[in-house]
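Source file: target-v2.pdb. Holds: PDB, C-alpha atoms.
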```pdb
ATOM      1  CA  MET A1199     113.735 261.859 152.656
ATOM      2  CA  LEU A1200     112.429 258.328 152.111
ATOM      3  CA  PHE A1201     109.155 256.874 153.349
ATOM      4  CA  ILE A1202     109.229 253.510 155.141
ATOM      5  CA  ASP A1203     106.094 251.416 154.577
ATOM      6  CA  ASN A1204     105.506 249.177 157.609
ATOM      7  CA  GLN A1205     103.251 246.922 155.483
ATOM      8  CA  GLY A1206     100.144 247.488 157.586
ATOM      9  CA  ILE A1207     101.525 245.900 160.758
ATOM     10  CA  HIS A1208      99.608 246.834 163.938
ATOM     11  CA  ASP A1209     101.824 245.125 166.519
ATOM     12  CA  PRO A1210     103.573 247.873 168.557
ATOM     13  CA  ALA A1211     106.434 245.520 169.436
ATOM     14  CA  ILE A1212     107.204 245.236 165.718
ATOM     15  CA  ASN A1213     106.540 248.862 164.820
ATOM     16  CA  LEU A1214     108.847 250.186 167.525
ATOM     17  CA  ALA A1215     111.466 247.674 166.389
ATOM     18  CA  ILE A1216     111.195 249.027 162.811
ATOM     19  CA  GLU A1217     111.787 252.521 164.184
ATOM     20  CA  GLU A1218     114.807 251.437 166.231
ATOM     21  CA  TYR A1219     116.247 249.465 163.311
ATOM     22  CA  ALA A1220     115.896 252.418 160.948
ATOM     23  CA  LEU A1221     117.558 254.707 163.503
ATOM     24  CA  LYS A1222     120.545 252.475 164.167
ATOM     25  CA  HIS A1223     121.106 250.536 160.951
ATOM     26  CA  LEU A1224     119.839 252.311 157.839
ATOM     27  CA  SER A1225     122.120 254.629 155.871
ATOM     28  CA  MET A1226     122.964 257.868 157.654
ATOM     29  CA  ASP A1227     123.023 259.625 154.299
ATOM     30  CA  GLU A1228     119.204 259.591 154.230
ATOM     31  CA  SER A1229     116.375 260.811 156.424
ATOM     32  CA  TYR A1230     113.242 258.704 156.796
ATOM     33  CA  LEU A1231     109.560 259.046 157.617
ATOM     34  CA  LEU A1232     107.712 256.126 159.183
ATOM     35  CA  PHE A1233     103.959 255.871 159.767
ATOM     36  CA  TYR A1234     102.382 253.129 161.880
ATOM     37  CA  ILE A1235      99.047 252.326 163.502
ATOM     38  CA  ASN A1236      99.052 250.140 166.609
ATOM     39  CA  GLN A1237      96.435 247.790 167.989
ATOM     40  CA  PRO A1238      95.129 248.732 171.484
ATOM     41  CA  SER A1239      98.248 249.343 173.538
ATOM     42  CA  ILE A1240      99.909 251.647 176.011
ATOM     43  CA  ILE A1241     103.295 252.941 174.952
ATOM     44  CA  ILE A1242     105.320 253.768 178.056
ATOM     45  CA  GLY A1243     107.991 256.479 178.146
ATOM     46  CA  LYS A1244     111.551 255.266 178.643
ATOM     47  CA  HIS A1245     111.890 256.566 182.214
ATOM     48  CA  GLN A1246     108.427 255.743 183.521
ATOM     49  CA  ASN A1247     107.324 253.314 186.208
ATOM     50  CA  THR A1248     105.043 251.053 184.166
ATOM     51  CA  ILE A1249     103.076 249.569 187.063
ATOM     52  CA  GLU A1250     102.089 253.017 188.322
ATOM     53  CA  GLU A1251     101.230 254.411 184.877
ATOM     54  CA  ILE A1252      98.668 251.808 183.819
ATOM     55  CA  ASN A1253      95.355 250.482 185.075
ATOM     56  CA  GLN A1254      96.569 246.895 185.197
ATOM     57  CA  GLU A1255      93.176 245.274 185.667
ATOM     58  CA  TYR A1256      91.579 247.172 182.791
ATOM     59  CA  CYS A1257      94.506 246.501 180.460
ATOM     60  CA  LYS A1258      94.466 242.784 181.224
ATOM     61  CA  GLU A1259      90.698 242.453 180.774
ATOM     62  CA  ASN A1260      90.752 244.379 177.489
ATOM     63  CA  ASN A1261      93.948 242.897 176.001
ATOM     64  CA  VAL A1262      95.746 246.227 175.959
ATOM     65  CA  GLN A1263      99.384 245.534 175.084
ATOM     66  CA  ILE A1264     102.094 247.254 177.153
ATOM     67  CA  VAL A1265     105.325 248.271 175.389
ATOM     68  CA  ARG A1266     108.068 250.655 176.502
ATOM     69  CA  ARG A1267     109.596 252.943 173.864
ATOM     70  CA  LEU A1268     113.115 254.375 173.595
ATOM     71  CA  SER A1269     112.072 258.012 174.007
ATOM     72  CA  GLY A1270     111.173 259.882 177.164
ATOM     73  CA  GLY A1271     107.873 261.608 177.843
ATOM     74  CA  GLY A1272     104.615 260.229 179.158
ATOM     75  CA  ALA A1273     102.548 257.098 178.614
ATOM     76  CA  VAL A1274     100.089 257.203 175.704
ATOM     77  CA  TYR A1275      97.194 254.990 174.670
ATOM     78  CA  HIS A1276      97.118 253.773 171.054
ATOM     79  CA  ASP A1277      94.479 251.956 169.030
ATOM     80  CA  LEU A1278      93.530 251.583 165.371
ATOM     81  CA  GLY A1279      92.232 255.163 165.344
ATOM     82  CA  ASN A1280      95.654 256.623 166.151
ATOM     83  CA  LEU A1281      98.222 257.386 163.433
ATOM     84  CA  ASN A1282     101.841 257.606 164.575
ATOM     85  CA  PHE A1283     104.602 259.369 162.673
ATOM     86  CA  SER A1284     108.366 259.254 163.147
ATOM     87  CA  PHE A1285     111.009 261.437 161.479
ATOM     88  CA  ILE A1286     114.388 259.665 161.586
ATOM     89  CA  THR A1287     117.403 261.798 160.750
ATOM     90  CA  LYS A1288     120.921 262.863 161.702
ATOM     91  CA  ASP A1289     121.342 264.578 165.057
ATOM     92  CA  ASP A1290     122.981 267.864 164.118
ATOM     93  CA  GLY A1291     123.346 268.954 167.742
ATOM     94  CA  ARG A1292     120.584 271.561 167.406
ATOM     95  CA  SER A1293     117.480 269.470 166.722
ATOM     96  CA  PHE A1294     116.990 267.549 169.969
ATOM     97  CA  HIS A1295     114.299 269.360 171.989
ATOM     98  CA  ASN A1296     113.355 271.305 168.834
ATOM     99  CA  PHE A1297     109.884 269.836 168.466
ATOM    100  CA  LEU A1298     108.730 272.572 166.118
ATOM    101  CA  LYS A1299     111.214 271.456 163.440
ATOM    102  CA  PHE A1300     109.572 268.035 163.210
ATOM    103  CA  THR A1301     105.960 268.890 163.962
ATOM    104  CA  GLN A1302     105.770 271.838 161.543
ATOM    105  CA  PRO A1303     105.327 269.639 158.424
ATOM    106  CA  VAL A1304     102.474 267.830 160.198
ATOM    107  CA  ILE A1305     100.933 271.091 161.416
ATOM    108  CA  ASP A1306     101.128 272.506 157.878
ATOM    109  CA  ALA A1307      99.343 269.422 156.551
ATOM    110  CA  LEU A1308      96.627 269.690 159.195
ATOM    111  CA  GLN A1309      96.088 273.356 158.424
ATOM    112  CA  LYS A1310      95.660 272.520 154.734
ATOM    113  CA  MET A1311      92.836 270.223 155.874
ATOM    114  CA  GLY A1312      91.184 273.112 157.702
ATOM    115  CA  ILE A1313      92.390 272.193 161.209
ATOM    116  CA  ASN A1314      93.798 275.154 163.153
ATOM    117  CA  ALA A1315      96.625 273.209 164.796
ATOM    118  CA  GLU A1316      99.642 274.640 166.595
ATOM    119  CA  LEU A1317     102.516 273.432 168.759
ATOM    120  CA  THR A1318     101.992 274.292 172.425
ATOM    121  CA  GLY A1319     103.836 273.705 175.674
ATOM    122  CA  ARG A1320     106.756 271.306 175.551
ATOM    123  CA  ASN A1321     105.654 268.858 172.923
ATOM    124  CA  ASP A1322     101.916 268.894 172.151
ATOM    125  CA  ILE A1323      99.966 269.793 169.044
ATOM    126  CA  GLN A1324      96.670 271.367 170.023
ATOM    127  CA  VAL A1325      93.570 272.863 168.485
ATOM    128  CA  GLY A1326      92.464 275.522 170.922
ATOM    129  CA  GLU A1327      92.604 273.968 174.393
ATOM    130  CA  GLN A1328      92.439 270.381 173.169
ATOM    131  CA  LYS A1329      95.405 268.138 172.473
ATOM    132  CA  ILE A1330      95.474 266.094 169.260
ATOM    133  CA  SER A1331      99.130 264.990 169.313
ATOM    134  CA  GLY A1332     101.925 264.310 171.780
ATOM    135  CA  ASN A1333     105.564 264.084 170.702
ATOM    136  CA  ALA A1334     108.837 262.659 171.995
ATOM    137  CA  GLN A1335     112.446 262.306 170.855
ATOM    138  CA  PHE A1336     115.419 259.967 171.162
ATOM    139  CA  SER A1337     119.058 260.400 170.141
ATOM    140  CA  SER A1338     121.801 257.804 169.719
ATOM    141  CA  ARG A1339     125.222 257.844 168.034
ATOM    142  CA  GLY A1340     124.646 260.864 165.877
ATOM    143  CA  ARG A1341     121.116 259.883 164.829
ATOM    144  CA  MET A1342     117.749 260.810 166.297
ATOM    145  CA  PHE A1343     114.057 260.383 165.808
ATOM    146  CA  SER A1344     111.205 262.692 166.668
ATOM    147  CA  HIS A1345     107.913 260.846 166.789
ATOM    148  CA  GLY A1346     104.353 261.660 167.683
ATOM    149  CA  THR A1347     100.769 260.535 167.843
ATOM    150  CA  LEU A1348      97.881 261.850 165.777
ATOM    151  CA  MET A1349      94.579 261.117 167.483
ATOM    152  CA  PHE A1350      92.408 260.701 164.425
ATOM    153  CA  ASN A1351      89.555 258.550 165.702
ATOM    154  CA  LEU A1352      90.848 257.224 169.005
ATOM    155  CA  ASN A1353      88.544 255.605 171.563
ATOM    156  CA  LEU A1354      88.851 258.436 174.071
ATOM    157  CA  ASP A1355      87.030 256.546 176.826
ATOM    158  CA  ASN A1356      89.738 253.872 176.695
ATOM    159  CA  VAL A1357      92.400 256.553 177.075
ATOM    160  CA  GLN A1358      90.918 257.550 180.420
ATOM    161  CA  ALA A1359      90.249 253.985 181.574
ATOM    162  CA  SER A1360      93.623 252.470 180.734
ATOM    163  CA  LEU A1361      95.957 255.099 182.206
ATOM    164  CA  ASN A1362      96.698 256.202 185.749
ATOM    165  CA  VAL A1363      97.702 259.804 185.175
ATOM    166  CA  ASN A1364      99.895 261.591 187.713
ATOM    167  CA  PRO A1365      97.849 264.558 189.031
ATOM    168  CA  GLU A1366     101.027 266.662 188.780
ATOM    169  CA  LYS A1367     100.374 266.714 185.022
ATOM    170  CA  PHE A1368      97.294 268.870 185.481
ATOM    171  CA  LYS A1369      98.803 271.459 187.786
ATOM    172  CA  SER A1370      98.395 274.918 186.210
ATOM    173  CA  LYS A1371      95.982 273.477 183.634
ATOM    174  CA  SER A1372      92.293 274.344 183.548
ATOM    175  CA  THR A1373      91.349 270.788 182.519
ATOM    176  CA  LYS A1374      91.515 268.108 185.175
ATOM    177  CA  SER A1375      91.316 264.852 183.208
ATOM    178  CA  VAL A1376      92.774 263.214 180.129
ATOM    179  CA  ARG A1377      89.303 262.764 178.617
ATOM    180  CA  SER A1378      88.465 266.464 178.759
ATOM    181  CA  ARG A1379      91.834 267.607 177.437
ATOM    182  CA  VAL A1380      92.079 265.531 174.229
ATOM    183  CA  ALA A1381      90.151 265.564 170.953
ATOM    184  CA  ASN A1382      89.938 263.499 167.797
ATOM    185  CA  ILE A1383      91.054 265.072 164.541
ATOM    186  CA  SER A1384      88.155 263.482 162.661
ATOM    187  CA  ASP A1385      85.695 265.427 164.833
ATOM    188  CA  LEU A1386      87.381 268.682 163.844
ATOM    189  CA  MET A1387      87.231 268.100 160.078
ATOM    190  CA  GLU A1388      84.584 269.431 157.732
ATOM    191  CA  ASN A1389      84.991 266.522 155.320
ATOM    192  CA  THR A1390      84.724 262.908 156.401
ATOM    193  CA  MET A1391      87.667 260.648 155.607
ATOM    194  CA  THR A1392      89.143 257.336 156.757
ATOM    195  CA  ILE A1393      92.437 257.105 158.624
ATOM    196  CA  GLU A1394      93.998 255.662 155.439
ATOM    197  CA  GLU A1395      92.843 258.709 153.459
ATOM    198  CA  PHE A1396      94.158 260.941 156.244
ATOM    199  CA  ARG A1397      97.548 259.203 156.022
ATOM    200  CA  ALA A1398      97.610 259.731 152.254
ATOM    201  CA  GLU A1399      96.850 263.445 152.701
ATOM    202  CA  LEU A1400      99.716 263.797 155.149
ATOM    203  CA  LEU A1401     102.107 262.101 152.725
ATOM    204  CA  ARG A1402     100.911 264.342 149.891
ATOM    205  CA  SER A1403     101.526 267.461 151.960
ATOM    206  CA  ILE A1404     104.884 266.434 153.458
ATOM    207  CA  PHE A1405     106.411 265.153 150.203
ATOM    208  CA  GLY A1406     104.572 267.467 147.799
ATOM    209  CA  MET A1407     103.309 264.600 145.653
ATOM    210  CA  ASP A1408     100.643 261.893 145.605
ATOM    211  CA  ALA A1409     101.161 259.071 148.075
ATOM    212  CA  GLN A1410     101.834 256.475 145.358
ATOM    213  CA  ASP A1411     104.716 258.606 144.016
ATOM    214  CA  VAL A1412     106.471 259.168 147.355
ATOM    215  CA  PRO A1413     110.080 257.846 147.336
ATOM    216  CA  GLN A1414     110.387 254.810 149.582
ATOM    217  CA  TYR A1415     112.871 252.635 151.370
ATOM    218  CA  HIS A1416     111.585 249.086 150.922
ATOM    219  CA  LEU A1417     112.423 246.850 153.867
ATOM    220  CA  LYS A1418     114.291 243.754 152.655
ATOM    221  CA  GLU A1419     114.288 240.222 154.013
ATOM    222  CA  GLU A1420     117.525 240.859 155.912
ATOM    223  CA  ASP A1421     115.997 244.033 157.392
ATOM    224  CA  TRP A1422     113.017 242.065 158.663
ATOM    225  CA  GLU A1423     115.289 239.456 160.246
ATOM    226  CA  GLN A1424     116.956 242.194 162.289
ATOM    227  CA  ILE A1425     113.643 243.881 163.087
ATOM    228  CA  ASN A1426     112.153 240.647 164.411
ATOM    229  CA  ARG A1427     115.276 240.045 166.503
ATOM    230  CA  ILE A1428     115.078 243.555 168.023
ATOM    231  CA  SER A1429     111.377 243.081 168.700
ATOM    232  CA  LYS A1430     111.892 239.764 170.487
ATOM    233  CA  GLU A1431     114.919 240.849 172.517
ATOM    234  CA  HIS A1432     113.619 244.306 173.361
ATOM    235  CA  TYR A1433     109.933 245.156 172.921
ATOM    236  CA  GLN A1434     108.594 241.686 173.724
ATOM    237  CA  ASN A1435     110.837 241.485 176.782
ATOM    238  CA  TRP A1436     109.076 241.789 180.149
ATOM    239  CA  ASP A1437     112.162 243.205 181.836
ATOM    240  CA  TRP A1438     112.277 246.069 179.316
ATOM    241  CA  ASN A1439     108.549 246.795 179.330
ATOM    242  CA  TYR A1440     108.014 246.580 183.094
ATOM    243  CA  GLY A1441     111.389 246.435 184.786
ATOM    244  CA  ILE A1442     111.887 245.863 188.479
ATOM    245  CA  SER A1443     111.277 248.733 190.881
ATOM    246  CA  PRO A1444     113.690 248.744 193.835
ATOM    247  CA  GLU A1445     112.417 248.722 197.381
ATOM    248  CA  SER A1446     112.255 252.331 198.484
ATOM    249  CA  ASN A1447     111.532 254.205 201.660
ATOM    250  CA  VAL A1448     111.860 257.706 200.190
ATOM    251  CA  LYS A1449     109.827 259.106 197.297
ATOM    252  CA  HIS A1450     110.429 262.637 196.024
ATOM    253  CA  SER A1451     108.500 263.838 192.987
ATOM    254  CA  LYS A1452     108.226 267.282 191.455
ATOM    255  CA  LYS A1453     107.060 268.856 188.216
ATOM    256  CA  PHE A1454     109.680 271.048 186.535
ATOM    257  CA  PRO A1455     109.437 272.869 183.178
ATOM    258  CA  VAL A1456     111.271 269.856 181.683
ATOM    259  CA  GLY A1457     108.649 267.465 183.049
ATOM    260  CA  ILE A1458     108.003 265.341 186.120
ATOM    261  CA  ILE A1459     111.041 263.856 187.877
ATOM    262  CA  ASP A1460     110.247 261.116 190.378
ATOM    263  CA  LEU A1461     113.007 259.738 192.639
ATOM    264  CA  ARG A1462     112.675 256.470 194.551
ATOM    265  CA  MET A1463     115.440 255.875 197.062
ATOM    266  CA  ASP A1464     116.218 253.229 199.628
ATOM    267  CA  ILE A1465     118.032 255.086 202.398
ATOM    268  CA  ASN A1466     119.604 252.779 204.948
ATOM    269  CA  GLU A1467     122.043 253.695 207.725
ATOM    270  CA  GLY A1468     122.531 257.097 206.167
ATOM    271  CA  ARG A1469     123.462 255.815 202.696
ATOM    272  CA  ILE A1470     121.632 255.641 199.371
ATOM    273  CA  ARG A1471     121.464 251.861 199.049
ATOM    274  CA  ASP A1472     119.404 252.040 195.873
ATOM    275  CA  ILE A1473     117.904 254.725 193.655
ATOM    276  CA  LYS A1474     115.654 254.787 190.614
ATOM    277  CA  ILE A1475     114.795 257.864 188.543
ATOM    278  CA  TYR A1476     111.398 257.959 186.853
ATOM    279  CA  GLY A1477     109.614 260.703 184.934
ATOM    280  CA  ASP A1478     108.337 262.073 181.631
ATOM    281  CA  PHE A1479     111.342 264.294 180.871
ATOM    282  CA  PHE A1480     113.383 264.240 177.651
ATOM    283  CA  GLY A1481     117.130 263.826 177.840
ATOM    284  CA  VAL A1482     119.940 262.521 175.679
ATOM    285  CA  GLY A1483     121.898 260.754 178.408
ATOM    286  CA  ASP A1484     120.795 257.608 180.234
ATOM    287  CA  VAL A1485     119.811 258.400 183.832
ATOM    288  CA  THR A1486     121.251 255.066 184.949
ATOM    289  CA  ASP A1487     124.574 256.982 184.912
ATOM    290  CA  ILE A1488     123.269 259.146 187.742
ATOM    291  CA  GLU A1489     121.799 256.170 189.590
ATOM    292  CA  ASP A1490     125.121 254.310 189.415
ATOM    293  CA  ILE A1491     127.030 257.340 190.729
ATOM    294  CA  LEU A1492     124.723 257.919 193.705
ATOM    295  CA  ARG A1493     124.236 254.300 194.709
ATOM    296  CA  GLY A1494     126.215 253.709 197.909
ATOM    297  CA  LYS A1495     126.863 257.398 198.609
ATOM    298  CA  ARG A1496     126.040 258.968 201.953
ATOM    299  CA  TYR A1497     122.676 260.724 202.012
ATOM    300  CA  ASP A1498     124.439 264.022 202.494
ATOM    301  CA  GLU A1499     124.042 267.081 200.262
ATOM    302  CA  ALA A1500     127.752 267.888 200.102
ATOM    303  CA  GLU A1501     128.642 264.300 199.139
ATOM    304  CA  VAL A1502     125.885 264.101 196.523
ATOM    305  CA  ARG A1503     126.964 267.417 194.972
ATOM    306  CA  GLU A1504     130.583 266.278 194.880
ATOM    307  CA  ALA A1505     129.633 262.945 193.298
ATOM    308  CA  LEU A1506     127.678 264.701 190.541
ATOM    309  CA  SER A1507     130.086 267.601 190.051
ATOM    310  CA  ASP A1508     131.523 266.288 186.756
ATOM    311  CA  LEU A1509     128.102 265.665 185.203
ATOM    312  CA  HIS A1510     126.220 268.010 182.906
ATOM    313  CA  ILE A1511     122.800 267.460 184.448
ATOM    314  CA  ASN A1512     120.968 268.990 181.473
ATOM    315  CA  HIS A1513     122.369 266.196 179.286
ATOM    316  CA  TYR A1514     120.026 263.878 181.171
ATOM    317  CA  PHE A1515     116.959 266.026 181.801
ATOM    318  CA  GLY A1516     117.027 268.954 179.395
ATOM    319  CA  ASN A1517     117.082 272.506 180.761
ATOM    320  CA  LEU A1518     117.480 271.626 184.444
ATOM    321  CA  GLU A1519     119.997 273.099 186.890
ATOM    322  CA  MET A1520     122.086 270.985 189.260
ATOM    323  CA  ASP A1521     120.545 272.873 192.191
ATOM    324  CA  ASP A1522     117.096 271.752 191.042
ATOM    325  CA  PHE A1523     118.078 268.085 190.963
ATOM    326  CA  VAL A1524     119.974 268.131 194.257
ATOM    327  CA  GLY A1525     117.062 270.013 195.810
ATOM    328  CA  LEU A1526     114.759 267.199 194.729
ATOM    329  CA  VAL A1527     117.039 264.541 196.253
ATOM    330  CA  PHE A1528     116.767 266.324 199.618
ATOM    331  CA  LEU A1529     113.215 267.627 199.194
ATOM    332  CA  GLU A1530     111.482 268.324 202.485
ATOM    333  CA  GLU A1531     108.035 266.749 202.617
TER     334      GLU A1531
END
```

Target format C-alpha cells, applied to this file:
Amino acid sequence: MLFIDNQGIHDPAINLAIEEYALKHLSMDESYLLFYINQPSIIIGKHQNTIEEINQEYCKENNVQIVRRLSGGGAVYHDLGNLNFSFITKDDGRSFHNFLKFTQPVIDALQKMGINAELTGRNDIQVGEQKISGNAQFSSRGRMFSHGTLMFNLNLDNVQASLNVNPEKFKSKSTKSVRSRVANISDLMENTMTIEEFRAELLRSIFGMDAQDVPQYHLKEEDWEQINRISKEHYQNWDWNYGISPESNVKHSKKFPVGIIDLRMDINEGRIRDIKIYGDFFGVGDVTDIEDILRGKRYDEAEVREALSDLHINHYFGNLEMDDFVGLVFLEE
C-alpha cells in the first residue's frame, strides 16, 4: 500500500477530486491510503437531496462549502478539526459493504492510543454511545474506496447548526440530536496532541513504521492537471453538488436496515411522469437506472413489478428485497 500526500490542501473540491483520480486512474496493481483535512464544508452523500440536508442560511453566512461526494450515506460536516481517511483498492467482490475490513486498521490505531473504539451499526466507529467516525464506500470498474471521517477536534456546535437531519435517523436511538450523539477524539485522549501528530500516529500504526518512512505515491504534474480538471467539471459544478429536484406530488420515505430511502414522484393521469430516489443507503449500481425504468410507467403495482423484474434491487440499495422497494412506491400514508 502507498500513501498519497495531498500536500496540505483543505479545499474539499480538490481533495475529493484526488480521491476520484486515484480510484480511476492510478495503477490497479497498488492499493492507496489518502488523508485529507477540509475547510468548513458539508459533504453530501451521492443520493441525497442537498437543499433539504443543509441549513442554507447558516451555510451561506458562515462560508460553509457544499460538495457532493461519489459515495452514498449521509451528509457530514467537516472543518480543520476533522481528519478524513480513504482506502483505495481493488474491488474483489467481497469488500463492498464490509466496513470492518477498512475501519479495523483505524480502530487498532485508536486503541493503541487508549481510545476504546469499535465499529457499530452499519458504518460508524463509536466509543460507548458516542460516534467519532462515519464511513462510506464507492465502487467503479473493479476498484473501490472506503472512506471515513475522524472527528478529532471538530466544532460540534457547527455540526448541529449546519445540517438539517432527518428525524428518521434517530428512530430506535436513545439520543435525539447530532450534538448529543457525537464526540471529539481529542476529548477522549489522555495525552494532548495536535491533529498533525494524530495523523502521524495513525500512519505509524497502519504502516508499522514512522510517518517519514511510509512508502508514498507522489502526485506528478500530469496527475494534478487531471485532478484540477475533475474538480472543476465535477466537484465545483453546481449541477453535481445541488442538482435539480423534480416537481413532485407524492413523497414516500422509510428507514430500512440499509438506510433511509426517500422517493419523490410526480404522478399525473395515473402515470409516473417523474421520479427521483434520495437516501443515505449504499449501493453499487446507479439508482438513475431505476428512475429511467419507472418514468412513464402506470402507477400500478403489477406494472411496476414487471418493469423492475429483471433488476437485482440489492445491487442498488444493499440488502433490500424487491417487495420492500415496491411497498415503498405504493406506501399508504

Residue IDs satisfying the PyMOL selection byres ((chain A and resi 1457-1471) around 6), as a PyMOL selection string: chain A and resi 1446-1456+1472-1479+1493-1497

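Taking all atoms listed in the file into account, Val1265 of chain A lies nearest to A:Tyr1440 out of the set A:Phe1300, A:Tyr1514, A:Tyr1440, A:Phe1528.
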
Nearby residues (only C-alpha atoms) at most 6 Å from segment 1427-1433 of chain A, same-chain spacing under 5 positions excluded, as a PyMOL selection string: chain A and resi 1211-1212+1215

Spatial neighbours of Ile1393 of chain A, max dist 9 Å, all atoms listed in the file, sep filter under 3 positions, as a list in words: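 Counting all atoms listed in the file, the residues come to Leu1278, Gly1279, Asn1280, Leu1281, Phe1350, Asn1351, Ser1384, Phe1396, Arg1397 and Ala1398 of chain A.
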
Among listed residues A:His1208, A:Arg1379, A:His1513, A:Arg1402, nearest Lys1310 of chain A (using only C-alpha atoms): A:Arg1402

Ground truth for the PyMOL selection byres ((chain A and resi 1247) around 9), written as a ChimeraX atom specification: /A:1242-1246,1248-1251,1440-1441,1443,1476-1477

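Considering the residues A:Ser1338, A:Thr1392, A:Gln1434, A:Asn1253 and counting all atoms listed in the file, Ser1269 of chain A has its shortest atom-to-atom contact with A:Ser1338.
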
Polymer residues at most 8 Å from segment 1319-1334 of chain A, all atoms listed in the file, same-chain spacing of 5 or more positions, as a PyMOL selection string: chain A and resi 1269-1271+1297+1301+1305+1313-1314+1344-1350+1378-1383+1456+1480

Residue members of the PyMOL selection byres ((chain A and resi 1263) around 12) in the file shown, as an MDAnalysis selection string: chainID A and resid 1208:1211 1236:1242 1252:1254 1256:1262 1264:1266 1274:1277 1360 1433:1434 1436 1439:1440

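Taking atom CA of Leu1401 of chain A and atom CA of Pro1303 of chain A as the two end points, the separation is 10.0 Å.
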
Selected residue, from A:Glu1420, A:Asp1203, A:Asp1487, A:Asp1522, that lies nearest to Ala1505 of chain A when counting all atoms listed in the file: A:Asp1487

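Of the listed residues (A:Ile1488, A:Met1387, A:Met1342, A:Ala1307), A:Ile1488 comes nearest to Arg1503 of chain A; the distances count only C-alpha atoms.
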
Closest of A:Gly1481, A:Pro1413, A:Gly1312, A:Gly1272 to Met1199 of chain A - atom-to-atom distances counting all atoms listed in the file: A:Pro1413
